[in-house]
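> There's a structure below that I have some questions on.
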Amino acid sequence: MSQKVESGNATLSQWQLIRLRFSKHRFAVASMYVLVALYMIALFAEFIAPKEPFHKRADYIYAPPQIPSFDFEYGLHGDFIARDIDPVTLKSSYYRDAERVVPLGFFVKGSPVKLWGLIPIERRLFGVDQEAYDAFYPEDRDKGIEPGFFLLGADRYGQDIFSRLIYGSRISLSIGLVSIAITFALGISIGGISGYMGGRADNLIQRGIEIINAFPALPLWMALGAAMPAHWSSLKIYFMITIVLSLLGWTGLARVVRGKILSLREEDYATAARLLGASHGRIIFKHLLPGFTSHIIVTLTLTVPGMILGETTLSFLGLGLRPPIVSWGVMLQDCLSLSAIADYPWLLMPVIAIVLTVMSFNFLGDGVRDAADPYAAK
């Protein structure tokens with residue numbers, strides 16, 4: 001039931017109190033803005049990423065990260081790096097070419113792509129300004145030299161890690177949301193039936209949940225991932241990973257819903273609705289669930305990181321998403337070799353994105369959990 005509290009001359013509802021208390025949780029508010037920024041980046045990946053995710057440059061294999069700089073002669077620019085190969089070890093190394101720079105700019109022209117697969121665009125938010133480079137070095141224009149700039153370095157195929165990180169966020173972040181949608185439907189419906197019906201139905205559902213929770217999560221994920229046929233398309237694997245994570249992640253929400261409904265089903269307003277002839281479904285979803293919506297939001301918020309880590313783990317082990325799909329877990333497959341990590345530590349850039357996302361969701365969940373009970377003592 002909706003509750004209101006007098007604050008001076010104003011009357012605040014429960015949701016207004018929750019928002020007020022949440023706004024005082026600085027880490028939670030900052031995390032919310034970080035997550036909004038991450039999802040906006042994923043949504044506009046084609047515009048924000050300087051290059052396409054599969055744009056390969058054989059002459060820039062394992063190129064190191066480059067830091068932009070600024071001066072009044074060239075403006076915003078990066079160093080022009082050239083590759084040198086050791087004739088004995090065949091290891092690549094890079095040195096700065098003092099005679100050239102790589103002009104950088106905002107809203108520069110790039111290769112044509114389609115935003116969301118629908119809207120053709122050529123401009124990028126940030127990248128190499130090829131027109132300015134041709135103006136600085138007209139002799140290179142005739143030779144067809146294309147300068148390379150890699151903000152976070154390049155991988156073993158000469159692909160821009162920064163661009164792949166942005167495109168990979170679309171998959172890794174969306175899996176969490178899609179999985180949560182399925183988890184929400186299963187947890188609410190099954191947990192609601194278990195708590196409201198009680199008796200044999202409740203006992204059967206709870207024993208089933210205990211059996212599911214008894215399996216170790218990682219080995220079970222690996223077994224289900226290995227069972228997926230290798231000939232499946234990337235789209236099929238994406239949906240199956242989402243379904244697998246959802247089918248194993250709904251039990252926590254179901255128990256939260258069951259416990260709350262057990263405590264609320266005998267309240268006066270629930271009994272009155274039952275005596276007035278309301279159906280069981282209406283009582284559960286119309287009268288009981290709104291009484292602890294904030295707790296459901298908290299549970300879902302804290303579940304999303306587990307979904308993202310599940311996809312990352314499966315993809316890293318080669319049992320989840322596979323190339324040509326780009327996700328943070330797929331990118332980490334390049335880190336299976338310890339020698340690669342030692343020589344090219346920038347390959348671990350997806351780890352930073354994963355840690356940032358997981359911590360942001362956890363801080364957000366903590367803030368929502370604290371704000372969910374606005375009547376508690378401060």
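Ordering of the structure tokens sets the chain letters (A, B, ...), residue numbers begin anew at 1 in every chain, and ligands are numbered from 1 in the order given.
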Determine which residues of region 46-247 of chain A DSSP labels as alpha helix (DSSP H) from the backbone of this structure, then write them out as a JSON list (two decimals) with C-alpha atoms, in the first residue's frame.

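Final output, states15.json:
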[["chain", "number", "residue", "atom", "x", "y", "z"],
["A", 46, "GLU", "CA", 29.03, 2.81, -34.51],
["A", 47, "PHE", "CA", 29.35, 6.56, -33.97],
["A", 48, "ILE", "CA", 31.66, 6.49, -30.95],
["A", 130, "GLN", "CA", 42.85, 11.75, -42.60],
["A", 131, "GLU", "CA", 42.16, 15.02, -44.43],
["A", 132, "ALA", "CA", 44.49, 16.96, -42.12],
["A", 133, "TYR", "CA", 47.17, 14.27, -42.48],
["A", 134, "ASP", "CA", 46.99, 14.50, -46.27],
["A", 135, "ALA", "CA", 47.35, 18.28, -45.99],
["A", 136, "PHE", "CA", 50.43, 17.97, -43.73],
["A", 138, "PRO", "CA", 50.91, 15.36, -49.41],
["A", 139, "GLU", "CA", 53.65, 12.96, -50.49],
["A", 140, "ASP", "CA", 52.12, 10.22, -48.29],
["A", 141, "ARG", "CA", 48.72, 10.79, -49.87],
["A", 142, "ASP", "CA", 50.11, 9.73, -53.26],
["A", 143, "LYS", "CA", 51.63, 6.62, -51.67],
["A", 161, "ILE", "CA", 41.13, -2.57, -28.92],
["A", 162, "PHE", "CA", 39.29, 0.64, -28.03],
["A", 163, "SER", "CA", 36.83, 0.18, -30.91],
["A", 164, "ARG", "CA", 36.34, -3.50, -30.12],
["A", 165, "LEU", "CA", 35.79, -2.63, -26.45],
["A", 166, "ILE", "CA", 32.98, -0.27, -27.43],
["A", 167, "TYR", "CA", 31.35, -2.75, -29.79],
["A", 168, "GLY", "CA", 31.80, -5.54, -27.23],
["A", 169, "SER", "CA", 29.94, -3.52, -24.61],
["A", 170, "ARG", "CA", 26.80, -3.84, -26.72],
["A", 171, "ILE", "CA", 26.82, -7.63, -26.34],
["A", 172, "SER", "CA", 28.12, -7.93, -22.78],
["A", 173, "LEU", "CA", 25.83, -5.27, -21.33],
["A", 174, "SER", "CA", 22.73, -6.34, -23.26],
["A", 175, "ILE", "CA", 23.06, -9.95, -22.10],
["A", 176, "GLY", "CA", 22.67, -8.73, -18.53],
["A", 177, "LEU", "CA", 19.47, -6.83, -19.34],
["A", 178, "VAL", "CA", 17.89, -9.56, -21.48],
["A", 179, "SER", "CA", 18.73, -12.21, -18.89],
["A", 180, "ILE", "CA", 17.24, -10.07, -16.15],
["A", 181, "ALA", "CA", 14.00, -9.73, -18.12],
["A", 182, "ILE", "CA", 13.64, -13.52, -18.27],
["A", 183, "THR", "CA", 14.76, -13.87, -14.65],
["A", 184, "PHE", "CA", 12.15, -11.30, -13.61],
["A", 185, "ALA", "CA", 9.33, -13.20, -15.35],
["A", 186, "LEU", "CA", 10.35, -16.57, -13.89],
["A", 187, "GLY", "CA", 11.16, -15.32, -10.40],
["A", 188, "ILE", "CA", 7.99, -13.26, -10.00],
["A", 189, "SER", "CA", 5.62, -15.92, -11.34],
["A", 190, "ILE", "CA", 7.14, -18.99, -9.68],
["A", 191, "GLY", "CA", 7.96, -17.23, -6.42],
["A", 192, "GLY", "CA", 4.52, -15.64, -6.31],
["A", 193, "ILE", "CA", 2.76, -18.99, -6.81],
["A", 194, "SER", "CA", 4.98, -20.64, -4.20],
["A", 195, "GLY", "CA", 4.32, -18.02, -1.52],
["A", 196, "TYR", "CA", 0.63, -17.51, -2.24],
["A", 197, "MET", "CA", -0.48, -21.12, -2.74],
["A", 199, "GLY", "CA", 1.23, -26.31, 0.91],
["A", 200, "ARG", "CA", 2.28, -28.98, -1.58],
["A", 201, "ALA", "CA", 2.93, -26.52, -4.42],
["A", 202, "ASP", "CA", 5.22, -24.45, -2.22],
["A", 203, "ASN", "CA", 7.08, -27.53, -1.01],
["A", 204, "LEU", "CA", 7.58, -28.83, -4.56],
["A", 205, "ILE", "CA", 8.84, -25.50, -5.88],
["A", 206, "GLN", "CA", 11.24, -24.98, -2.97],
["A", 207, "ARG", "CA", 12.75, -28.45, -3.32],
["A", 208, "GLY", "CA", 13.25, -27.78, -7.03],
["A", 209, "ILE", "CA", 15.01, -24.51, -6.22],
["A", 210, "GLU", "CA", 17.26, -26.31, -3.75],
["A", 211, "ILE", "CA", 18.21, -28.87, -6.39],
["A", 212, "ILE", "CA", 19.11, -26.11, -8.88],
["A", 213, "ASN", "CA", 21.14, -24.22, -6.25],
["A", 214, "ALA", "CA", 22.97, -27.42, -5.26],
["A", 217, "ALA", "CA", 27.35, -22.56, -11.04],
["A", 218, "LEU", "CA", 30.58, -22.50, -13.07],
["A", 219, "PRO", "CA", 30.76, -26.25, -13.91],
["A", 220, "LEU", "CA", 27.07, -26.21, -14.79],
["A", 221, "TRP", "CA", 27.57, -23.18, -17.07],
["A", 222, "MET", "CA", 30.49, -24.93, -18.72],
["A", 223, "ALA", "CA", 28.53, -28.14, -19.25],
["A", 224, "LEU", "CA", 25.60, -26.30, -20.82],
["A", 225, "GLY", "CA", 27.94, -24.15, -22.91],
["A", 226, "ALA", "CA", 29.82, -27.20, -24.19],
["A", 234, "SER", "CA", 26.29, -16.36, -33.53],
["A", 235, "LEU", "CA", 22.70, -15.19, -32.99],
["A", 236, "LYS", "CA", 21.58, -18.62, -31.76],
["A", 237, "ILE", "CA", 24.51, -18.85, -29.36],
["A", 238, "TYR", "CA", 23.75, -15.36, -28.04],
["A", 239, "PHE", "CA", 20.14, -16.25, -27.23],
["A", 240, "MET", "CA", 21.08, -19.63, -25.78],
["A", 241, "ILE", "CA", 23.69, -18.07, -23.46],
["A", 242, "THR", "CA", 21.03, -15.58, -22.37],
["A", 243, "ILE", "CA", 18.51, -18.34, -21.68],
["A", 244, "VAL", "CA", 21.06, -20.51, -19.83],
["A", 245, "LEU", "CA", 22.03, -17.66, -17.52],
["A", 246, "SER", "CA", 18.36, -16.82, -16.91],
["A", 247, "LEU", "CA", 17.32, -20.40, -16.14]]
> Write out as a list in words the residues lying within 8 Å of Leu332 (chain A), counting only C-alpha atoms and excluding same-chain residues fewer than 3 positions away.
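Here the qualifying residues turn out to be Phe316, Trp328, Gly329, Cys335, Leu336, Leu347, Leu348, Pro350 and Val351 of chain A.
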> Considering only C-alpha atoms, state which residue in the set A:Ile297, A:Val330, A:Leu321, A:Leu90 is at the smallest distance from Ala230 (chain A).
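Once distances to Ala230 (chain A) are computed over only C-alpha atoms, the minimum belongs to A:Leu321.
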> Could you tell me how far CA of Gly105 (chain A) lies from CA of Ile352 (chain A), in Å and to one decimal?
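Atom-to-atom, CA of Gly105 (chain A) to CA of Ile352 (chain A), that is 25.4 Å.
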> Taking into account only C-alpha atoms, which residue in the set A:Leu356, A:Gln16, A:Ala63, A:Arg96 is nearest to Asp79 (chain A)?
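Ranked by minimum distance to Asp79 (chain A), first place goes to A:Arg96.
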> If we count only C-alpha atoms, what is near region 293-295 of chain A at a cut-off of 10 Å, once residues fewer than 6 positions away on the same chain are taken out, given as a list of chain:residue names?
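In the requested format, the answer is A:Trp15, A:Ile18, A:Leu253, A:Val256, A:Val257, A:Lys260, A:Thr301, A:Val368, A:Arg369, A:Ala371, A:Ala372, A:Asp373.
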> Looking only at the backbone, which of the residues in region 112-144 of chain A does DSSP tag as strand (DSSP E or B), as JSON, numbers by chain?
{"A": [112, 113, 114, 115, 119, 120, 121, 122, 123, 124, 125, 126, 127, 128]}
> Identify which of the residues A:Leu276, A:Ile354, A:Ala42, A:Leu314 lies closest to Trp116 (chain A), counting only C-alpha atoms when measuring atom-to-atom distances.
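Of the candidates, the smallest distance to Trp116 (chain A) is held by A:Ala42.
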